[in-house]
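Asker: Below is the file upload-v1.cif, which contains mmCIF, C-alpha atoms.
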data_structure
loop_
_atom_site.group_PDB
_atom_site.id
_atom_site.type_symbol
_atom_site.label_atom_id
_atom_site.label_comp_id
_atom_site.auth_asym_id
_atom_site.auth_seq_id
_atom_site.Cartn_x
_atom_site.Cartn_y
_atom_site.Cartn_z
ATOM 1 C CA MET Y 1 -42.876 38.026 13.415
ATOM 2 C CA THR Y 2 -41.245 37.123 16.726
ATOM 3 C CA ALA Y 3 -37.547 36.361 16.391
ATOM 4 C CA ARG Y 4 -36.509 32.911 17.573
ATOM 5 C CA SER Y 5 -34.443 32.842 20.731
ATOM 6 C CA ARG Y 6 -30.895 31.595 20.322
ATOM 7 C CA LEU Y 7 -30.247 28.105 21.658
ATOM 8 C CA PRO Y 8 -27.951 28.147 24.683
ATOM 9 C CA GLY Y 9 -24.329 26.974 24.585
ATOM 10 C CA LYS Y 10 -23.485 23.772 22.742
ATOM 11 C CA LEU Y 11 -27.161 23.091 21.938
ATOM 12 C CA ALA Y 12 -26.789 25.572 19.073
ATOM 13 C CA ARG Y 13 -24.019 23.414 17.549
ATOM 14 C CA GLN Y 14 -24.939 19.771 18.095
ATOM 15 C CA SER Y 15 -27.728 17.253 18.545
ATOM 16 C CA PHE Y 16 -29.442 17.151 21.919
ATOM 17 C CA THR Y 17 -32.261 15.315 23.644
ATOM 18 C CA TYR Y 18 -35.611 16.897 24.384
ATOM 19 C CA ARG Y 19 -34.859 16.555 28.102
ATOM 20 C CA GLU Y 20 -31.472 18.256 27.707
ATOM 21 C CA GLY Y 21 -33.247 21.141 26.000
ATOM 22 C CA LEU Y 22 -35.733 21.522 28.847
ATOM 23 C CA LEU Y 23 -32.965 21.375 31.458
ATOM 24 C CA ALA Y 24 -31.075 24.103 29.562
ATOM 25 C CA GLY Y 25 -34.137 26.351 29.680
ATOM 26 C CA VAL Y 26 -35.360 25.880 26.094
ATOM 27 C CA SER Y 27 -39.125 26.260 25.888
ATOM 28 C CA VAL Y 28 -41.400 23.583 24.449
ATOM 29 C CA SER Y 29 -42.471 25.924 21.666
ATOM 30 C CA ARG Y 30 -38.828 26.685 20.781
ATOM 31 C CA MET Y 31 -38.104 22.981 20.387
ATOM 32 C CA ARG Y 32 -40.936 22.792 17.873
ATOM 33 C CA ALA Y 33 -39.397 25.499 15.689
ATOM 34 C CA SER Y 34 -38.669 24.716 12.046
ATOM 35 C CA ASP Y 35 -34.913 25.284 12.401
ATOM 36 C CA LEU Y 36 -34.702 22.125 14.510
ATOM 37 C CA SER Y 37 -35.030 18.772 12.782
ATOM 38 C CA VAL Y 38 -36.312 15.663 14.554
ATOM 39 C CA PRO Y 39 -34.326 12.648 13.277
ATOM 40 C CA SER Y 40 -35.908 10.443 15.962
ATOM 41 C CA ARG Y 41 -38.306 10.880 18.850
ATOM 42 C CA GLY Y 42 -36.864 12.832 21.735
ATOM 43 C CA ILE Y 43 -33.953 14.240 19.696
ATOM 44 C CA ARG Y 44 -33.424 17.671 18.177
ATOM 45 C CA VAL Y 45 -30.761 18.743 15.682
ATOM 46 C CA PRO Y 46 -29.995 22.377 14.762
ATOM 47 C CA GLN Y 47 -30.208 22.529 10.982
ATOM 48 C CA GLU Y 48 -27.007 24.547 10.724
ATOM 49 C CA ALA Y 49 -25.029 22.147 12.901
ATOM 50 C CA GLY Y 50 -21.977 20.757 11.114
ATOM 51 C CA GLN Y 51 -21.213 18.248 13.802
ATOM 52 C CA PRO Y 52 -18.911 15.223 13.975
ATOM 53 C CA LEU Y 53 -20.425 11.756 14.146
ATOM 54 C CA LEU Y 54 -19.666 11.475 17.860
ATOM 55 C CA ASP Y 55 -21.921 14.463 18.627
ATOM 56 C CA ARG Y 56 -24.587 13.202 16.252
ATOM 57 C CA VAL Y 57 -24.839 9.842 18.015
ATOM 58 C CA ARG Y 58 -24.460 11.168 21.566
ATOM 59 C CA PRO Y 59 -28.215 11.771 22.240
ATOM 60 C CA TYR Y 60 -29.081 8.214 21.228
ATOM 61 C CA THR Y 61 -26.888 6.859 24.006
ATOM 62 C CA SER Y 62 -28.190 9.460 26.456
ATOM 63 C CA LEU Y 63 -31.779 8.299 25.946
ATOM 64 C CA GLY Y 64 -31.045 4.811 27.241
ATOM 65 C CA LEU Y 65 -28.279 3.716 29.591
ATOM 66 C CA ASP Y 66 -28.271 0.263 27.975
ATOM 67 C CA ASN Y 67 -27.318 1.651 24.561
ATOM 68 C CA TRP Y 68 -23.781 1.802 23.231
ATOM 69 C CA VAL Y 69 -22.394 2.585 19.793
ATOM 70 C CA SER Y 70 -21.196 -0.433 17.802
ATOM 71 C CA HIS Y 71 -20.443 -1.984 14.410
ATOM 72 C CA VAL Y 72 -19.993 0.458 11.490
ATOM 73 C CA THR Y 73 -20.716 3.570 13.580
ATOM 74 C CA ALA Y 74 -18.101 2.605 16.181
ATOM 75 C CA ALA Y 75 -15.640 1.854 13.368
ATOM 76 C CA GLN Y 76 -16.216 5.309 11.871
ATOM 77 C CA ILE Y 77 -15.601 7.004 15.217
ATOM 78 C CA HIS Y 78 -12.448 4.908 15.719
ATOM 79 C CA GLU Y 79 -11.429 6.002 12.187
ATOM 80 C CA MET Y 80 -11.059 2.471 10.880
ATOM 81 C CA PRO Y 81 -10.794 2.135 7.078
ATOM 82 C CA LEU Y 82 -14.126 1.043 5.636
ATOM 83 C CA PRO Y 83 -15.340 0.333 2.097
ATOM 84 C CA TRP Y 84 -17.355 3.065 0.404
ATOM 85 C CA PHE Y 85 -20.759 1.598 1.280
ATOM 86 C CA ALA Y 86 -19.943 1.693 4.981
ATOM 87 C CA GLU Y 87 -18.212 5.078 4.912
ATOM 88 C CA GLU Y 88 -21.263 6.696 3.304
ATOM 89 C CA SER Y 89 -23.801 5.039 5.577
ATOM 90 C CA ARG Y 90 -26.004 7.432 7.566
ATOM 91 C CA THR Y 91 -27.475 4.581 9.606
ATOM 92 C CA LEU Y 92 -26.446 4.588 13.255
ATOM 93 C CA HIS Y 93 -25.566 1.220 14.796
ATOM 94 C CA LEU Y 94 -26.507 0.810 18.467
ATOM 95 C CA SER Y 95 -26.294 -2.321 20.609
ATOM 96 C CA ARG Y 96 -27.948 -3.595 23.756
ATOM 97 C CA VAL Y 97 -27.509 -6.640 25.953
ATOM 98 C CA PRO Y 98 -29.196 -9.868 24.757
ATOM 99 C CA GLY Y 99 -32.813 -10.113 25.881
ATOM 100 C CA SER Y 100 -33.406 -6.400 25.397
ATOM 101 C CA ALA Y 101 -35.696 -5.131 22.688
ATOM 102 C CA HIS Y 102 -33.874 -3.900 19.571
ATOM 103 C CA SER Y 103 -33.714 -0.150 19.260
ATOM 104 C CA ARG Y 104 -36.656 0.795 17.052
ATOM 105 C CA ARG Y 105 -35.815 4.247 15.822
ATOM 106 C CA ARG Y 106 -35.709 5.795 12.392
ATOM 107 C CA GLY Y 107 -32.186 5.655 10.997
ATOM 108 C CA VAL Y 108 -30.960 3.209 13.640
ATOM 109 C CA ALA Y 109 -29.826 -0.405 13.204
ATOM 110 C CA GLY Y 110 -30.225 -2.228 16.508
ATOM 111 C CA HIS Y 111 -28.097 -5.161 17.677
ATOM 112 C CA CYS Y 112 -27.974 -7.361 20.762
ATOM 113 C CA ILE Y 113 -24.504 -8.523 21.811
ATOM 114 C CA ASN Y 114 -22.816 -9.818 24.971
ATOM 115 C CA LEU Y 115 -20.023 -7.568 26.198
ATOM 116 C CA THR Y 116 -17.704 -7.326 29.168
ATOM 117 C CA SER Y 117 -16.685 -4.005 30.695
ATOM 118 C CA SER Y 118 -13.371 -4.177 28.815
ATOM 119 C CA ASP Y 119 -15.279 -4.264 25.521
ATOM 120 C CA ILE Y 120 -16.631 -0.748 26.117
ATOM 121 C CA VAL Y 121 -14.616 2.462 25.839
ATOM 122 C CA TRP Y 122 -15.835 5.985 26.532
ATOM 123 C CA ILE Y 123 -14.984 8.883 24.225
ATOM 124 C CA GLU Y 124 -16.127 12.293 25.449
ATOM 125 C CA GLY Y 125 -18.906 10.670 27.437
ATOM 126 C CA VAL Y 126 -20.160 8.391 24.650
ATOM 127 C CA PRO Y 127 -19.931 4.601 25.204
ATOM 128 C CA LEU Y 128 -18.846 2.530 22.228
ATOM 129 C CA THR Y 129 -17.301 -0.827 21.536
ATOM 130 C CA SER Y 130 -13.516 -1.020 21.801
ATOM 131 C CA PRO Y 131 -11.435 -1.245 18.607
ATOM 132 C CA ALA Y 132 -10.879 -4.998 19.142
ATOM 133 C CA ARG Y 133 -14.576 -5.721 19.717
ATOM 134 C CA THR Y 134 -15.538 -3.477 16.804
ATOM 135 C CA PHE Y 135 -13.198 -5.491 14.561
ATOM 136 C CA LEU Y 136 -14.983 -8.706 15.590
ATOM 137 C CA ASP Y 137 -18.423 -7.193 14.964
ATOM 138 C CA LEU Y 138 -17.339 -5.934 11.535
ATOM 139 C CA ALA Y 139 -16.614 -9.545 10.564
ATOM 140 C CA THR Y 140 -20.385 -10.039 10.243
ATOM 141 C CA ILE Y 141 -20.615 -7.158 7.744
ATOM 142 C CA LEU Y 142 -17.416 -6.761 5.702
ATOM 143 C CA SER Y 143 -15.813 -8.975 3.082
ATOM 144 C CA LEU Y 144 -12.655 -10.828 4.089
ATOM 145 C CA ASP Y 145 -10.346 -8.445 2.214
ATOM 146 C CA ASP Y 146 -11.979 -5.361 3.746
ATOM 147 C CA LEU Y 147 -11.692 -6.975 7.183
ATOM 148 C CA VAL Y 148 -7.977 -7.648 6.615
ATOM 149 C CA ALA Y 149 -7.557 -3.946 5.782
ATOM 150 C CA VAL Y 150 -9.092 -3.098 9.167
ATOM 151 C CA ALA Y 151 -6.780 -5.574 10.928
ATOM 152 C CA ASP Y 152 -3.731 -4.157 9.122
ATOM 153 C CA HIS Y 153 -4.785 -0.670 10.248
ATOM 154 C CA LEU Y 154 -5.166 -1.719 13.882
ATOM 155 C CA ILE Y 155 -1.774 -3.436 14.200
ATOM 156 C CA CYS Y 156 0.269 -1.080 12.005
ATOM 157 C CA GLU Y 157 3.458 0.208 13.612
ATOM 158 C CA HIS Y 158 6.796 1.383 12.272
ATOM 159 C CA ASP Y 159 9.676 3.765 12.903
ATOM 160 C CA ARG Y 160 11.110 5.332 9.744
ATOM 161 C CA HIS Y 161 13.598 8.110 9.065
ATOM 162 C CA PHE Y 162 10.836 10.080 7.329
ATOM 163 C CA GLY Y 163 7.538 10.958 8.958
ATOM 164 C CA PRO Y 164 6.458 10.369 12.551
ATOM 165 C CA SER Y 165 6.702 6.986 14.228
ATOM 166 C CA LYS Y 166 3.493 4.976 14.255
ATOM 167 C CA CYS Y 167 2.292 2.918 17.218
ATOM 168 C CA ALA Y 168 -0.215 0.099 16.899
ATOM 169 C CA ILE Y 169 -3.771 0.823 18.005
ATOM 170 C CA ILE Y 170 -3.799 -2.804 19.158
ATOM 171 C CA PRO Y 171 -0.512 -4.776 19.219
ATOM 172 C CA GLU Y 172 -0.654 -7.804 16.945
ATOM 173 C CA GLU Y 173 -0.439 -10.432 19.684
ATOM 174 C CA GLN Y 174 -3.043 -8.627 21.775
ATOM 175 C CA LEU Y 175 -5.542 -8.707 18.909
ATOM 176 C CA ARG Y 176 -4.809 -12.400 18.309
ATOM 177 C CA ALA Y 177 -5.308 -13.189 21.994
ATOM 178 C CA TYR Y 178 -8.579 -11.245 22.127
ATOM 179 C CA ILE Y 179 -10.124 -13.000 19.118
ATOM 180 C CA GLY Y 180 -8.736 -16.343 20.295
ATOM 181 C CA GLY Y 181 -10.745 -16.010 23.498
ATOM 182 C CA PHE Y 182 -14.107 -16.391 21.702
ATOM 183 C CA ARG Y 183 -16.029 -19.505 20.737
ATOM 184 C CA HIS Y 184 -19.029 -19.894 18.432
ATOM 185 C CA MET Y 185 -19.485 -16.208 17.659
ATOM 186 C CA PRO Y 186 -21.033 -14.801 14.468
ATOM 187 C CA GLY Y 187 -18.201 -13.763 12.169
ATOM 188 C CA LEU Y 188 -15.533 -15.515 14.243
ATOM 189 C CA VAL Y 189 -14.320 -17.787 11.435
ATOM 190 C CA LYS Y 190 -13.845 -14.810 9.115
ATOM 191 C CA ALA Y 191 -12.159 -12.797 11.870
ATOM 192 C CA LYS Y 192 -9.650 -15.612 12.484
ATOM 193 C CA ARG Y 193 -8.949 -15.889 8.760
ATOM 194 C CA ALA Y 194 -8.310 -12.133 8.657
ATOM 195 C CA LEU Y 195 -5.798 -12.533 11.492
ATOM 196 C CA GLU Y 196 -3.934 -15.117 9.421
ATOM 197 C CA LEU Y 197 -3.697 -12.656 6.529
ATOM 198 C CA MET Y 198 -2.904 -9.427 8.420
ATOM 199 C CA ARG Y 199 0.661 -8.105 8.476
ATOM 200 C CA VAL Y 200 2.380 -5.391 10.520
ATOM 201 C CA GLY Y 201 3.478 -2.292 8.614
ATOM 202 C CA VAL Y 202 0.689 -1.746 6.076
ATOM 203 C CA ASP Y 203 -0.294 1.922 5.804
ATOM 204 C CA SER Y 204 -3.464 1.906 3.692
ATOM 205 C CA PRO Y 205 -6.271 -0.313 2.334
ATOM 206 C CA PRO Y 206 -4.858 -0.167 -1.249
ATOM 207 C CA GLU Y 207 -1.577 -1.543 0.109
ATOM 208 C CA THR Y 208 -3.533 -4.330 1.811
ATOM 209 C CA ARG Y 209 -5.345 -5.115 -1.414
ATOM 210 C CA LEU Y 210 -2.078 -5.165 -3.386
ATOM 211 C CA ARG Y 211 -0.500 -7.511 -0.851
ATOM 212 C CA LEU Y 212 -3.479 -9.875 -0.957
ATOM 213 C CA ILE Y 213 -3.449 -9.924 -4.771
ATOM 214 C CA LEU Y 214 0.194 -11.024 -4.709
ATOM 215 C CA HIS Y 215 -0.405 -13.454 -1.841
ATOM 216 C CA ARG Y 216 -3.009 -15.336 -3.886
ATOM 217 C CA SER Y 217 -1.057 -15.241 -7.137
ATOM 218 C CA GLY Y 218 1.410 -18.056 -6.554
ATOM 219 C CA LEU Y 219 4.354 -15.658 -6.769
ATOM 220 C CA PRO Y 220 7.010 -15.564 -4.024
ATOM 221 C CA GLU Y 221 5.721 -13.812 -0.921
ATOM 222 C CA PHE Y 222 5.917 -10.036 -0.662
ATOM 223 C CA LEU Y 223 5.930 -8.613 2.861
ATOM 224 C CA PRO Y 224 5.617 -5.116 4.366
ATOM 225 C CA ASN Y 225 7.949 -3.633 6.961
ATOM 226 C CA CYS Y 226 11.084 -4.670 5.088
ATOM 227 C CA LYS Y 227 14.171 -2.458 5.133
ATOM 228 C CA ILE Y 228 16.624 -2.223 2.249
ATOM 229 C CA ALA Y 229 19.833 -1.302 4.045
ATOM 230 C CA GLY Y 230 22.488 0.992 2.614
ATOM 231 C CA GLY Y 231 26.060 1.776 3.508
ATOM 232 C CA ALA Y 232 27.310 3.532 6.624
ATOM 233 C CA GLY Y 233 25.479 6.803 7.171
ATOM 234 C CA GLU Y 234 22.919 6.095 4.454
ATOM 235 C CA PHE Y 235 19.177 5.923 5.044
ATOM 236 C CA ASP Y 236 17.389 2.604 4.743
ATOM 237 C CA VAL Y 237 14.665 2.269 2.117
ATOM 238 C CA GLY Y 238 11.314 1.031 3.413
ATOM 239 C CA PRO Y 239 9.212 -0.165 0.454
ATOM 240 C CA ASP Y 240 5.513 -0.921 0.819
ATOM 241 C CA LEU Y 241 6.162 -4.571 -0.082
ATOM 242 C CA ALA Y 242 9.349 -6.527 -0.645
ATOM 243 C CA CYS Y 243 10.525 -9.967 -1.711
ATOM 244 C CA LYS Y 244 14.009 -10.224 -0.213
ATOM 245 C CA GLU Y 245 14.881 -13.475 -1.968
ATOM 246 C CA TYR Y 246 14.727 -11.885 -5.429
ATOM 247 C CA LYS Y 247 15.242 -8.222 -4.473
ATOM 248 C CA VAL Y 248 11.971 -7.048 -5.976
ATOM 249 C CA CYS Y 249 9.877 -4.457 -4.158
ATOM 250 C CA GLY Y 250 6.523 -2.832 -4.779
ATOM 251 C CA GLU Y 251 5.225 0.670 -4.132
ATOM 252 C CA TYR Y 252 1.582 1.710 -4.267
ATOM 253 C CA GLU Y 253 1.556 5.295 -5.523
ATOM 254 C CA GLY Y 254 -1.603 6.894 -4.119
ATOM 255 C CA GLU Y 255 -2.710 10.522 -4.179
ATOM 256 C CA ILE Y 256 -0.275 11.484 -1.424
ATOM 257 C CA HIS Y 257 2.536 10.914 -3.910
ATOM 258 C CA GLN Y 258 1.328 13.813 -6.086
ATOM 259 C CA THR Y 259 2.779 16.532 -3.842
ATOM 260 C CA THR Y 260 6.084 18.166 -4.797
ATOM 261 C CA GLU Y 261 7.667 17.236 -1.471
ATOM 262 C CA LYS Y 262 6.625 13.614 -1.768
ATOM 263 C CA GLN Y 263 7.768 13.353 -5.381
ATOM 264 C CA LEU Y 264 11.234 14.585 -4.355
ATOM 265 C CA HIS Y 265 11.366 11.991 -1.581
ATOM 266 C CA ASP Y 266 10.190 9.272 -3.991
ATOM 267 C CA ARG Y 267 12.865 10.196 -6.546
ATOM 268 C CA ASN Y 268 15.598 9.825 -3.921
ATOM 269 C CA ARG Y 269 13.999 6.585 -2.680
ATOM 270 C CA ASP Y 270 13.863 5.155 -6.188
ATOM 271 C CA GLU Y 271 17.516 5.972 -6.826
ATOM 272 C CA ARG Y 272 18.677 4.360 -3.567
ATOM 273 C CA THR Y 273 16.597 1.271 -4.374
ATOM 274 C CA ARG Y 274 18.170 0.922 -7.814
ATOM 275 C CA ILE Y 275 21.745 1.437 -6.588
ATOM 276 C CA ARG Y 276 21.271 -1.310 -3.986
ATOM 277 C CA GLY Y 277 20.409 -3.846 -6.684
ATOM 278 C CA TRP Y 278 16.652 -3.977 -6.235
ATOM 279 C CA VAL Y 279 14.003 -3.826 -8.948
ATOM 280 C CA GLN Y 280 11.067 -1.615 -8.070
ATOM 281 C CA VAL Y 281 7.479 -2.036 -9.295
ATOM 282 C CA LYS Y 282 5.265 1.041 -9.029
ATOM 283 C CA VAL Y 283 1.536 0.358 -8.945
ATOM 284 C CA TYR Y 284 -1.045 3.070 -9.515
ATOM 285 C CA ASN Y 285 -4.792 3.101 -9.042
ATOM 286 C CA ALA Y 286 -5.199 2.772 -12.813
ATOM 287 C CA ASP Y 287 -3.224 -0.497 -12.657
ATOM 288 C CA MET Y 288 -5.458 -1.831 -9.893
ATOM 289 C CA LYS Y 289 -8.531 -0.997 -11.960
ATOM 290 C CA ARG Y 290 -7.194 -3.118 -14.823
ATOM 291 C CA GLY Y 291 -7.544 -6.170 -12.613
ATOM 292 C CA ASP Y 292 -5.553 -8.602 -10.521
ATOM 293 C CA ALA Y 293 -4.010 -10.396 -13.502
ATOM 294 C CA HIS Y 294 -2.490 -7.161 -14.808
ATOM 295 C CA VAL Y 295 -0.960 -6.333 -11.424
ATOM 296 C CA VAL Y 296 0.420 -9.859 -11.009
ATOM 297 C CA ALA Y 297 1.979 -9.705 -14.495
ATOM 298 C CA MET Y 298 3.826 -6.506 -13.525
ATOM 299 C CA PHE Y 299 5.499 -8.241 -10.592
ATOM 300 C CA GLU Y 300 6.065 -11.481 -12.449
ATOM 301 C CA ALA Y 301 8.068 -9.664 -15.138
ATOM 302 C CA SER Y 302 10.323 -8.062 -12.525
ATOM 303 C CA LEU Y 303 10.798 -11.348 -10.672
ATOM 304 C CA ARG Y 304 11.859 -13.077 -13.878
ATOM 305 C CA GLN Y 305 14.328 -10.249 -14.497
ATOM 306 C CA GLN Y 306 15.825 -11.110 -11.104
ATOM 307 C CA GLY Y 307 16.117 -14.834 -11.839
ATOM 308 C CA TRP Y 308 12.828 -16.241 -10.558
ATOM 309 C CA ARG Y 309 11.228 -19.034 -12.548
ATOM 310 C CA SER Y 310 7.766 -20.436 -11.964
ATOM 311 C CA LYS Y 311 7.535 -24.109 -11.108
ATOM 312 C CA PRO Y 312 6.126 -26.316 -13.907
#
Please re-express this file's structure in structure tokens.
Answerer:
Amino acid sequence: MTARSRLPGKLARQSFTYREGLLAGVSVSRMRASDLSVPSRGIRVPQEAGQPLLDRVRPYTSLGLDNWVSHVTAAQIHEMPLPWFAEESRTLHLSRVPGSAHSRRRGVAGHCINLTSSDIVWIEGVPLTSPARTFLDLATILSLDDLVAVADHLICEHDRHFGPSKCAIIPEEQLRAYIGGFRHMPGLVKAKRALELMRVGVDSPPETRLRLILHRSGLPEFLPNCKIAGGAGEFDVGPDLACKEYKVCGEYEGEIHQTTEKQLHDRNRDERTRIRGWVQVKVYNADMKRGDAHVVAMFEASLRQQGWRSKP
């Protein structure tokens, strides 16, 4: 049996077009070998390639200059938080200008959308929709709450005494101005509603969900990016959510809080919060699974402890 020749350079590690193979000196017979899969016509994928999504989608944009990556696939490359059904999707989303034929390839969802040059960004030679445009396109796919989580992710920024500073991917006002420049677009109404609900300083989708649960509950408003100040020389406390009027704050305790280092930080945080006269509500994933009413009741009890009374 004749041993297969090794694919040259990066072709051994990532998807490539048939033409790229020929230009690299790969024979026609070699590109028919069983160790290369054919996900779509004109594309070859080494079966052992553990490649990132960007490399997987690259050949699809190389095959046609009018193709760019969009929607869920662009969101995944931009590392936007998506619900499980979108995160696990293997379908590639590609767009073309209106009037073009939809991309008809196995495993590809084709779209036709109008874009300006500022709506396209290039990452390692691959064209894809910008974060702002991707957010607008996701409005046609995601639920409102999931879209708010994306908006919170895009505008999040803070500077805390622990951890690195975080800069917004898109400043809040810039995202508002971008969406405000559209008229009569699919998903535009939902996108504008998401802008009304987004807040600066939210670090994760569970924190977004917790904030939205409280927002719709009729309780006093809880906001992110609040600082509980201490005395001279003392660190501020930055809770996930806070109601300054009644000095009640909320913390979503995700998996990151299971590390020894984080638990030590949390213990010190909790003590500073208590000494400064605030009541803290810790919410875990198990609490969220019990439903919105259970979570609301947790905060309502603490608010009543601090003197809040619901209006009759």
Asker: Would you translate the PyMOL selection byres ((chain Y and resi 205) around 10) into the concrete set of residues it matches in this file, as a ChimeraX atom specification?
Answerer: /Y:81-83,145-150,152-153,202-204,206-211
Asker: Which residue out of Y:Leu7, Y:Cys226, Y:Ala24, Y:Ile120 has the minimum interatomic distance to Asp66 in chain Y when only C-alpha atoms are used?
Answerer: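 Nearest to Asp66 in chain Y: Y:Ile120.
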Asker: Pick the closest to Met80 in chain Y from Y:Pro131, Y:Gly180, Y:Gly50, Y:Pro59: which is it, counting only C-alpha atoms?
Answerer: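 Closest residue, counting only C-alpha atoms: Y:Pro131.
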Asker: When distances are computed from only C-alpha atoms, which of Y:Cys249, Y:Met185, Y:Val72, Y:Ala177 shows the smallest separation from Asn114 in chain Y?
Answerer: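 Ranking Y:Cys249, Y:Met185, Y:Val72, Y:Ala177 by distance to Asn114 in chain Y, first place goes to Y:Met185.
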Asker: Using the chain letters and residue numbers of this document, give as a PyMOL selection string the residues selected by the PyMOL selection byres ((chain Y and resi 35) around 7).
Answerer: chain Y and resi 33-34+36-37+46-47
Asker: Which residues match the PyMOL selection byres ((chain Y and resi 288) around 12) in the file above, as a ChimeraX atom specification?
Answerer: /Y:206-207,209-211,213-214,252-254,282-287,289-298
Asker: Which of these, Y:Leu53, Y:Leu197, Y:Leu92, Y:Leu303, has the shortest distance to Glu245 in chain Y once you count all atoms listed in the file?
Answerer: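 Ranking Y:Leu53, Y:Leu197, Y:Leu92, Y:Leu303 by distance to Glu245 in chain Y, first place goes to Y:Leu303.
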Asker: Give as a tab-separated table (two decimals) with C-alpha atoms, in the frame of the given file each residue that has an atom at most 12 Å from (-6.8, -15.8, 8.1) in the file, counting only C-alpha atoms.
Answerer:
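Contents of the output file part.tsv:
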chain	number	residue	atom	x	y	z
Y	139	ALA	CA	-16.61	-9.54	10.56
Y	144	LEU	CA	-12.66	-10.83	4.09
Y	145	ASP	CA	-10.35	-8.44	2.21
Y	147	LEU	CA	-11.69	-6.98	7.18
Y	148	VAL	CA	-7.98	-7.65	6.62
Y	151	ALA	CA	-6.78	-5.57	10.93
Y	176	ARG	CA	-4.81	-12.40	18.31
Y	179	ILE	CA	-10.12	-13.00	19.12
Y	188	LEU	CA	-15.53	-15.52	14.24
Y	189	VAL	CA	-14.32	-17.79	11.44
Y	190	LYS	CA	-13.84	-14.81	9.12
Y	191	ALA	CA	-12.16	-12.80	11.87
Y	192	LYS	CA	-9.65	-15.61	12.48
Y	193	ARG	CA	-8.95	-15.89	8.76
Y	194	ALA	CA	-8.31	-12.13	8.66
Y	195	LEU	CA	-5.80	-12.53	11.49
Y	196	GLU	CA	-3.93	-15.12	9.42
Y	197	LEU	CA	-3.70	-12.66	6.53
Y	198	MET	CA	-2.90	-9.43	8.42
Y	199	ARG	CA	0.66	-8.10	8.48
Y	212	LEU	CA	-3.48	-9.88	-0.96
Asker: How many Å separate CA of Gly231 in chain Y from CA of Trp308 in chain Y?
Answerer: 26.4 Å
Asker: As JSON, what would the box around range 112-116 of chain Y look like: edges along x, y and z, 6 Å added on every side, centre and edge lengths in Å to one decimal?
Answerer:
{"center_x": -22.8, "center_y": -8.6, "center_z": 25.0, "size_x": 22.3, "size_y": 14.5, "size_z": 20.4}
Asker: Between Y:Pro8, Y:His71, Y:Arg272, Y:Trp84, single out the one closest to Leu138 in chain Y, counting only C-alpha atoms.
Answerer: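 Going through Y:Pro8, Y:His71, Y:Arg272, Y:Trp84 one by one, the smallest distance to Leu138 in chain Y is for Y:His71.
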Asker: Interatomic distance between CA of Thr17 in chain Y and CA of Ser40 in chain Y?
Answerer: 9.8 Å
Asker: Tell me which residues come within 7 Å of (-24.2, 21.6, 18.4), as a tab-separated table (two decimals) with C-alpha atoms, in the coordinates of the input, counting all atoms listed in the file in the file's coordinates.
Answerer:
chain	number	residue	atom	x	y	z
Y	10	LYS	CA	-23.48	23.77	22.74
Y	11	LEU	CA	-27.16	23.09	21.94
Y	12	ALA	CA	-26.79	25.57	19.07
Y	13	ARG	CA	-24.02	23.41	17.55
Y	14	GLN	CA	-24.94	19.77	18.10
Y	15	SER	CA	-27.73	17.25	18.55
Y	46	PRO	CA	-30.00	22.38	14.76
Y	49	ALA	CA	-25.03	22.15	12.90
Y	51	GLN	CA	-21.21	18.25	13.80
Asker: List the spatial neighbours of Trp122 in chain Y as a list in words - criterion: any atom at most 12 Å away, all atoms listed in the file, same-chain residues fewer than 3 positions off excluded.
Answerer: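 Non-adjacent residues within range: Leu54, Arg58, Thr61, Trp68, Val69, Ala74, Ile77, His78, Ser117, Ser118, Asp119, Gly125, Val126, Pro127, Leu128, Thr129, Ser130 and Pro131 of chain Y.
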Asker: Applying 12 Å and only C-alpha atoms, which residues near Asp159 in chain Y remain after dropping the ones on its own chain fewer than 6 positions away? List them as a PyMOL selection string.
Answerer: chain Y and resi 165-168+200-201+225-227+236-238
Asker: Take CA of Glu20 in chain Y and CA of Gly107 in chain Y and report the distance between them in Å, one decimal.
Answerer: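 Here the two named atoms are 20.9 Å from each other.
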Asker: Point out the residue among Y:Val38, Y:Val248, Y:Ile43, Y:Leu264 with the least atom-to-atom distance to Arg276 in chain Y, counting all atoms listed in the file.
Answerer: Y:Val248
Asker: List the neighbours of Glu221 in chain Y out to 9 Å using all atoms listed in the file; skip same-chain residues closer than 2 positions along the sequence, and give me the result as a PyMOL selection string.
Answerer: chain Y and resi 211+214-215+218-219+223+242-243
Asker: Write out as JSON, numbers by chain the residues lying within 8 Å of Ser70 in chain Y, counting all atoms listed in the file and excluding same-chain residues fewer than 3 positions away.
Answerer: {"Y": [73, 74, 75, 93, 94, 95, 128, 129, 134, 137]}
